[in-house]
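Right, one structure below, let's go through it.
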Amino acid sequence: MPKSSKRILLFAPKHTYRLHDFLQAARKLGIGVVLASDRCKVLAEMYPQENVIAVSFTHPDRAVAKIQEQLEVRSIHAVLAADDAAAIPAAKVARALNLPFNHPAAIRKSRNKFMFRHAMVKAGLPSPGFRLAGIELEPESLATGMRYPCVLKPLMLSGSQGVIRADHPAEFIAAFRRIRHLLQQPEMAHPCNRAFRYLLIEDYIPGQEYAIEAILTRGRVHLLAIFDKPEPLEGPFFEETIYVTPSRLPADRQRRLKTELESACRVLGLHHGPIHAEARINANGIFLLEIAPRTIGGLCSRALRFASGMSLEELVLRHALGDSPANLSLQRQASGVMMIPIPKKGVLKQVHGVEQARAVPGIVDVQITFPLNHELIPLPEGSSYLGFLFARAETPEAVVAALSSAHAYLQFDILPTLAVV
Ligand SMILES: Nc1ncnc2c1ncn2[C@@H]1O[C@H](COP(=O)(O)OP(=O)(O)OP(=O)(O)O)[C@@H](O)[C@H]1O
Ligand SMILES: [Mg+2]
């Protein structure tokens with residue numbers, strides 16, 4: 001694409017991993033960026049060449065007013081959100097600027113796991129049995145009436161935070177209390193957000209799990225990549241580790257997945273831009289676990305390279321400016337990423353073996369993203385990644401083998417933290 005005179009308004013929330021790759025893509029394409037963020041000062045220092053506007057993501061209507069006040073709105077050609085937390089304000093601003101974006105109501109539906117489940121039932125798509133429970137309820141009185149195994153989860157968190165499997169009433173009671181405690185932490189929720197006062201209980205869905213990257217254009221799904229998750233995700237916690245593509249899912253199942261994704265998006269009201277979905281597939285069908293109107297989280301998008309080396313962020317930026325993603329295919333080599341598991345709770349003091357991990361044939365990058373001297377919190381309470389390993393090879397199996405051997409070289413010195421009594 002020729003260097004353009006286009007400008008994009010990019011919403012970037014606090015703590016996103018995604019900003020760097022979006023900015024790099026914009027620079028490569030010659031697209032101007034205005035950043036709208038709730039951590040304006042930090043970003044202005046990190047990216048002095050970008051134009052940064054401070055907005056509150058908890059008051060999207062004020063964000064709209066401020067952006068209209070500060071920007072020559074006709075100079076903006078597209079709006080994008082780098083992550084979940086920025087999607088609602090981005091949607092409202094896009095509407096005010098008359099630029100294509102998903103409706104805020106569709107984003108709310110996709111982010112709330114209870115509303116999402118309802119939408120799947122409405123679409124006639126396979127869904128586990130589910131029920132909502134207020135966190136003030138006594139789990140002892142609920143536990144005997146449950147079907148086991150089941151999965152308990154918060155409505156609005158992500159990255160498997162607070163998601164716990166229970167196989168019998170005693171585990172149900174313990175899981176319920178643990179999630180309640182998590183949801184009551186002061187940093188957790190905006191007090192007005194009622195979603196944090198509930199948890200969702202679903203039947204456990206057995207089967208193989210997949211992650212899907214796609215892009216929507218006027219409601220039509222264009223599949224970009226399907227990742228297999230070769231490590232078993234059977235609980236009690238669901239820590240993501242390896243994603244590898246191309247998927248071994250048979251072609252007819254992939255077509256079915258695409259059709260079901262399209263129906264699900266239609267019912268949710270999502271019609272434009274990137275989507276990241278997760279599904280479990282078994283003999284009873286394709287069970288969608290989530291559809292988020294954003295790109296894949298963390299640094300995982302670096303596992304994807306399209307024709308002529310294009311990154312996912314370049315593709316998404318070009319799509320936002322009106323390019324068609326048709327004819328874009330992934331590079332031929334198999335590729336994968338490992339989200340490095342957090343081995344235990346404590347302060348990260350030192351990481352060993354990075355150079356040896358990097359030297360493993362097939363490994364293309366090792367990124368330790370967690371800062372030293374900060375406290376690592378494993379699932380189900382934690383929400384950050386230790387880092388990422390990336391590999392490329394001829395086959396998905398060789399990618400998985402490279403990631404596993406590189407991981408075996410990594411050693412983490414973690415100092416146990418003492419509880420304050
Ligand atoms: N009903 C279920 N049956 C089996 N496994 C489940 C079920 N619900 C969740 N899981 C497992 O837990 C993981 C996390 O659950 P889920 O995707 O619902 O939450 P999240 O990742 O925290 O949020 P989001 O995906 O919306 O960002 C899933 O990827 C899956 O492995
Ligand atoms: Mg998920």
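Letters A, B, ... go to the chains of the structure tokens in the order shown; residues in each chain start at 1; ligands are counted from 1 in the same order.
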
Can you pull out the residues contacting segment 339-354 of chain A? Cut-off 6 Å, using only C-alpha atoms, and skip same-chain residues under 3 positions away; I want them as an NGL selection string. :A and (241 or 357 or 372-378 or 386-388 or 409-417)

Any chance you could export the current selection's N, CA and C atoms as a tab-separated table (two decimals), in the first residue's frame?
```tsv
chain	number	residue	atom	x	y	z
A	241	THR	N	-1.60	-22.01	27.15
A	241	THR	CA	-0.15	-22.14	26.92
A	241	THR	C	0.13	-22.04	25.42
A	357	ALA	N	17.05	-20.79	25.24
A	357	ALA	CA	15.71	-20.97	24.66
A	357	ALA	C	15.68	-20.39	23.24
A	372	LEU	N	10.83	-7.55	36.42
A	372	LEU	CA	11.50	-8.10	37.61
A	372	LEU	C	11.04	-7.32	38.84
A	373	ASN	N	11.09	-8.00	39.98
A	373	ASN	CA	10.76	-7.39	41.28
A	373	ASN	C	9.28	-7.04	41.44
A	374	HIS	N	8.45	-7.59	40.58
A	374	HIS	CA	7.00	-7.44	40.75
A	374	HIS	C	6.42	-8.79	41.10
A	375	GLU	N	5.22	-8.76	41.69
A	375	GLU	CA	4.65	-10.01	42.17
A	375	GLU	C	3.87	-10.75	41.08
A	376	LEU	N	4.27	-12.00	40.89
A	376	LEU	CA	3.55	-12.86	39.95
A	376	LEU	C	2.36	-13.48	40.68
A	377	ILE	N	1.21	-13.43	40.04
A	377	ILE	CA	0.04	-14.07	40.65
A	377	ILE	C	-0.51	-15.09	39.66
A	378	PRO	N	-0.46	-16.38	40.02
A	378	PRO	CA	-0.97	-17.38	39.07
A	378	PRO	C	-2.50	-17.36	38.97
A	386	LEU	N	3.76	-14.07	31.95
A	386	LEU	CA	5.19	-13.99	32.22
A	386	LEU	C	5.93	-13.56	30.96
A	387	GLY	N	5.46	-14.07	29.85
A	387	GLY	CA	6.10	-13.74	28.58
A	387	GLY	C	5.61	-14.67	27.49
A	388	PHE	N	6.32	-14.62	26.35
A	388	PHE	CA	5.87	-15.36	25.17
A	388	PHE	C	7.05	-15.97	24.44
A	409	TYR	N	14.22	-24.79	28.95
A	409	TYR	CA	15.45	-24.07	29.32
A	409	TYR	C	15.19	-22.91	30.28
A	410	LEU	N	13.95	-22.43	30.31
A	410	LEU	CA	13.68	-21.23	31.12
A	410	LEU	C	13.53	-21.58	32.58
A	411	GLN	N	14.22	-20.80	33.41
A	411	GLN	CA	14.08	-20.99	34.86
A	411	GLN	C	13.80	-19.64	35.49
A	412	PHE	N	12.87	-19.65	36.42
A	412	PHE	CA	12.47	-18.39	37.04
A	412	PHE	C	12.77	-18.42	38.53
A	413	ASP	N	13.54	-17.44	39.01
A	413	ASP	CA	13.76	-17.31	40.46
A	413	ASP	C	12.59	-16.50	41.01
A	414	ILE	N	11.79	-17.16	41.83
A	414	ILE	CA	10.60	-16.49	42.37
A	414	ILE	C	10.68	-16.53	43.89
A	415	LEU	N	10.67	-15.35	44.49
A	415	LEU	CA	10.78	-15.25	45.94
A	415	LEU	C	9.37	-15.30	46.53
A	416	PRO	N	9.12	-16.28	47.42
A	416	PRO	CA	7.76	-16.36	47.96
A	416	PRO	C	7.38	-15.07	48.70
A	417	THR	N	6.13	-14.64	48.53
A	417	THR	CA	5.70	-13.44	49.25
A	417	THR	C	5.02	-13.88	50.53
```

Write out as a PyMOL selection string all residues of segment 259-382 of chain A that DSSP puts in alpha helix (DSSP H) for this structure's backbone. chain A and resi 259-268+312-320+354-358

Can I get the selected residues back with C-alpha atoms, as a short mmCIF file (atom, residue, chain, number, x, y, z; two decimals), in the first residue's frame?
```
data_model
loop_
_atom_site.label_atom_id
_atom_site.label_comp_id
_atom_site.auth_asym_id
_atom_site.auth_seq_id
_atom_site.Cartn_x
_atom_site.Cartn_y
_atom_site.Cartn_z
CA THR A 259 -20.81 -20.29 9.33
CA GLU A 260 -21.57 -20.59 13.03
CA LEU A 261 -19.32 -17.67 13.83
CA GLU A 262 -21.19 -15.59 11.27
CA SER A 263 -24.58 -16.51 12.81
CA ALA A 264 -23.29 -15.75 16.29
CA CYS A 265 -21.94 -12.35 15.21
CA ARG A 266 -25.26 -11.55 13.54
CA VAL A 267 -27.19 -12.25 16.76
CA LEU A 268 -24.70 -10.30 18.85
CA LEU A 312 -2.18 -8.76 11.81
CA GLU A 313 -2.11 -5.12 12.94
CA GLU A 314 -1.24 -3.91 9.42
CA LEU A 315 -4.09 -5.98 8.06
CA VAL A 316 -6.53 -4.58 10.63
CA LEU A 317 -5.41 -0.98 10.01
CA ARG A 318 -5.80 -1.42 6.26
CA HIS A 319 -9.22 -2.97 6.73
CA ALA A 320 -10.28 -0.08 8.97
CA VAL A 354 16.64 -17.04 27.70
CA GLU A 355 19.64 -17.35 25.37
CA GLN A 356 19.47 -21.16 25.36
CA ALA A 357 15.71 -20.97 24.66
CA ARG A 358 16.35 -18.55 21.78
#
```

Step by step, measure atom-to-atom distances between ligand 2 and each residue using only C-alpha atoms and all ligand atoms, keep those at most 7 Å, then write them as a list in words.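 Using only C-alpha atoms and all ligand atoms, everything at most 7 Å from ligand 2 comes to Ser158, Gly159, Ser160, Glu278, Leu289 and Glu290 of chain A.
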
Dump as a short mmCIF file (atom, residue, chain, number, x, y, z; two decimals), in the first residue's frame, selection limited to all heavy atoms:
```cif
data_model
loop_
_atom_site.label_atom_id
_atom_site.label_comp_id
_atom_site.auth_asym_id
_atom_site.auth_seq_id
_atom_site.Cartn_x
_atom_site.Cartn_y
_atom_site.Cartn_z
N SER A 158 -11.22 -11.60 31.70
CA SER A 158 -10.73 -12.32 30.52
C SER A 158 -9.44 -13.04 30.86
O SER A 158 -8.96 -12.97 32.00
CB SER A 158 -10.55 -11.36 29.35
OG SER A 158 -9.63 -10.38 29.72
N GLY A 159 -8.88 -13.74 29.88
CA GLY A 159 -7.64 -14.48 30.09
C GLY A 159 -7.80 -15.58 31.14
O GLY A 159 -6.86 -15.89 31.85
N SER A 160 -8.99 -16.16 31.25
CA SER A 160 -9.30 -17.25 32.19
C SER A 160 -9.21 -16.82 33.66
O SER A 160 -9.22 -17.68 34.55
CB SER A 160 -8.38 -18.46 31.99
OG SER A 160 -8.50 -18.93 30.67
N GLU A 278 -13.18 -18.09 20.57
CA GLU A 278 -12.69 -19.35 21.09
C GLU A 278 -13.83 -20.35 21.06
O GLU A 278 -14.98 -19.99 21.32
CB GLU A 278 -12.16 -19.17 22.51
CG GLU A 278 -10.73 -18.67 22.51
CD GLU A 278 -10.29 -18.04 23.79
OE1 GLU A 278 -10.90 -18.34 24.83
OE2 GLU A 278 -9.36 -17.24 23.73
N LEU A 289 -17.12 -20.25 22.93
CA LEU A 289 -16.89 -19.82 24.31
C LEU A 289 -16.87 -18.30 24.41
O LEU A 289 -17.21 -17.73 25.42
CB LEU A 289 -15.55 -20.34 24.83
CG LEU A 289 -15.46 -21.84 25.13
CD1 LEU A 289 -14.02 -22.23 25.39
CD2 LEU A 289 -16.33 -22.20 26.32
N GLU A 290 -16.39 -17.67 23.38
CA GLU A 290 -16.38 -16.21 23.39
C GLU A 290 -16.18 -15.69 21.97
O GLU A 290 -15.59 -16.37 21.12
CB GLU A 290 -15.24 -15.68 24.25
CG GLU A 290 -13.87 -15.87 23.65
CD GLU A 290 -12.80 -14.92 24.23
OE1 GLU A 290 -13.06 -13.72 24.33
OE2 GLU A 290 -11.71 -15.42 24.53
#
```

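Taking atom CA of Leu224 of chain A and atom CA of Pro154 of chain A as the two end points, the separation is 28.9 Å.
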
Test item: residues lying within 7 Å of ligand 1 with only C-alpha atoms and all ligand atoms, as a PyMOL selection string: chain A and resi 111+113+128+150-151+157-163+202-206+209+233-234+238+278+289-290+292

Would you mind exporting the chosen residues as a JSON list (two decimals), in the first residue's frame, restricted to N, CA, C and O atoms?
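For reference, selection22.json as written:
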```
[["chain", "number", "residue", "atom", "x", "y", "z"],
["A", 111, "ARG", "N", -19.08, -8.87, 25.52],
["A", 111, "ARG", "CA", -18.17, -8.85, 26.67],
["A", 111, "ARG", "C", -18.75, -9.50, 27.91],
["A", 111, "ARG", "O", -18.02, -9.93, 28.77],
["A", 113, "LYS", "N", -20.42, -12.46, 29.67],
["A", 113, "LYS", "CA", -20.54, -13.88, 29.34],
["A", 113, "LYS", "C", -21.97, -14.40, 29.47],
["A", 113, "LYS", "O", -22.34, -15.35, 28.77],
["A", 128, "PRO", "N", -23.80, -24.76, 26.41],
["A", 128, "PRO", "CA", -23.93, -25.58, 27.61],
["A", 128, "PRO", "C", -25.09, -25.03, 28.44],
["A", 128, "PRO", "O", -25.49, -23.88, 28.26],
["A", 150, "CYS", "N", -18.98, -28.77, 36.37],
["A", 150, "CYS", "CA", -19.41, -27.47, 35.87],
["A", 150, "CYS", "C", -18.24, -26.49, 35.95],
["A", 150, "CYS", "O", -17.20, -26.80, 36.52],
["A", 151, "VAL", "N", -18.42, -25.32, 35.33],
["A", 151, "VAL", "CA", -17.38, -24.29, 35.33],
["A", 151, "VAL", "C", -18.01, -23.01, 35.89],
["A", 151, "VAL", "O", -19.08, -22.60, 35.45],
["A", 157, "LEU", "N", -14.48, -10.76, 33.17],
["A", 157, "LEU", "CA", -13.02, -10.80, 33.14],
["A", 157, "LEU", "C", -12.55, -11.54, 31.90],
["A", 157, "LEU", "O", -13.37, -12.08, 31.15],
["A", 158, "SER", "N", -11.22, -11.60, 31.70],
["A", 158, "SER", "CA", -10.73, -12.32, 30.52],
["A", 158, "SER", "C", -9.44, -13.04, 30.86],
["A", 158, "SER", "O", -8.96, -12.97, 32.00],
["A", 159, "GLY", "N", -8.88, -13.74, 29.88],
["A", 159, "GLY", "CA", -7.64, -14.48, 30.09],
["A", 159, "GLY", "C", -7.80, -15.58, 31.14],
["A", 159, "GLY", "O", -6.86, -15.89, 31.85],
["A", 160, "SER", "N", -8.99, -16.16, 31.25],
["A", 160, "SER", "CA", -9.30, -17.25, 32.19],
["A", 160, "SER", "C", -9.21, -16.82, 33.66],
["A", 160, "SER", "O", -9.22, -17.68, 34.55],
["A", 161, "GLN", "N", -9.12, -15.52, 33.93],
["A", 161, "GLN", "CA", -9.05, -15.07, 35.32],
["A", 161, "GLN", "C", -10.37, -15.41, 36.02],
["A", 161, "GLN", "O", -11.45, -15.09, 35.54],
["A", 162, "GLY", "N", -10.27, -16.10, 37.13],
["A", 162, "GLY", "CA", -11.46, -16.46, 37.91],
["A", 162, "GLY", "C", -12.29, -17.59, 37.32],
["A", 162, "GLY", "O", -13.40, -17.85, 37.79],
["A", 163, "VAL", "N", -11.78, -18.30, 36.32],
["A", 163, "VAL", "CA", -12.55, -19.41, 35.72],
["A", 163, "VAL", "C", -12.11, -20.72, 36.39],
["A", 163, "VAL", "O", -10.93, -21.07, 36.36],
["A", 202, "GLU", "N", -21.66, -22.80, 34.26],
["A", 202, "GLU", "CA", -21.97, -23.50, 33.00],
["A", 202, "GLU", "C", -21.66, -24.98, 33.14],
["A", 202, "GLU", "O", -20.74, -25.35, 33.86],
["A", 203, "ASP", "N", -22.37, -25.81, 32.37],
["A", 203, "ASP", "CA", -21.96, -27.22, 32.27],
["A", 203, "ASP", "C", -20.56, -27.24, 31.67],
["A", 203, "ASP", "O", -20.25, -26.44, 30.77],
["A", 204, "TYR", "N", -19.74, -28.17, 32.13],
["A", 204, "TYR", "CA", -18.41, -28.33, 31.54],
["A", 204, "TYR", "C", -18.56, -28.91, 30.13],
["A", 204, "TYR", "O", -19.29, -29.89, 29.93],
["A", 205, "ILE", "N", -17.89, -28.29, 29.16],
["A", 205, "ILE", "CA", -17.94, -28.78, 27.77],
["A", 205, "ILE", "C", -16.65, -29.55, 27.50],
["A", 205, "ILE", "O", -15.57, -28.94, 27.47],
["A", 206, "PRO", "N", -16.72, -30.87, 27.29],
["A", 206, "PRO", "CA", -15.49, -31.58, 26.94],
["A", 206, "PRO", "C", -15.11, -31.26, 25.49],
["A", 206, "PRO", "O", -15.90, -30.67, 24.76],
["A", 209, "GLU", "N", -10.05, -27.58, 22.04],
["A", 209, "GLU", "CA", -10.31, -26.13, 21.98],
["A", 209, "GLU", "C", -9.50, -25.44, 20.88],
["A", 209, "GLU", "O", -8.37, -25.81, 20.60],
["A", 233, "LEU", "N", -6.86, -28.64, 28.18],
["A", 233, "LEU", "CA", -7.38, -27.57, 29.03],
["A", 233, "LEU", "C", -8.58, -28.15, 29.77],
["A", 233, "LEU", "O", -9.73, -27.96, 29.37],
["A", 234, "GLU", "N", -8.28, -28.88, 30.85],
["A", 234, "GLU", "CA", -9.36, -29.60, 31.53],
["A", 234, "GLU", "C", -9.62, -29.09, 32.94],
["A", 234, "GLU", "O", -10.43, -29.65, 33.66],
["A", 238, "PHE", "N", -7.67, -22.78, 33.87],
["A", 238, "PHE", "CA", -7.53, -22.95, 32.42],
["A", 238, "PHE", "C", -6.44, -22.03, 31.88],
["A", 238, "PHE", "O", -6.71, -21.10, 31.13],
["A", 278, "GLU", "N", -13.18, -18.09, 20.57],
["A", 278, "GLU", "CA", -12.69, -19.35, 21.09],
["A", 278, "GLU", "C", -13.83, -20.35, 21.06],
["A", 278, "GLU", "O", -14.98, -19.99, 21.32],
["A", 289, "LEU", "N", -17.12, -20.25, 22.93],
["A", 289, "LEU", "CA", -16.89, -19.82, 24.31],
["A", 289, "LEU", "C", -16.87, -18.30, 24.41],
["A", 289, "LEU", "O", -17.21, -17.73, 25.42],
["A", 290, "GLU", "N", -16.39, -17.67, 23.38],
["A", 290, "GLU", "CA", -16.38, -16.21, 23.39],
["A", 290, "GLU", "C", -16.18, -15.69, 21.97],
["A", 290, "GLU", "O", -15.59, -16.37, 21.12],
["A", 292, "ALA", "N", -14.86, -11.90, 20.84],
["A", 292, "ALA", "CA", -14.51, -10.55, 21.29],
["A", 292, "ALA", "C", -14.18, -9.69, 20.07],
["A", 292, "ALA", "O", -13.46, -10.13, 19.18]]
```

If we count only C-alpha atoms and set the cut-off at 7 Å, which residues sit around segment 293-307 of chain A, ignoring sequence neighbours fewer than 4 positions away in its own chain? Please answer as a list in words. Tyr17, Arg18, Asp83, Asp84, Ile107, Glu213, Pro274, Ile275, His276, Ser311, Leu312, Leu328, Ser329, Leu330, Gln331, Ser335, Gly336, Val337 and Phe390 of chain A

In terms of the shortest atom-to-atom distance over only C-alpha atoms, which of A:Gln208, A:Ser383, A:Ser247, A:Thr16 is closest to Glu231 of chain A? A:Gln208
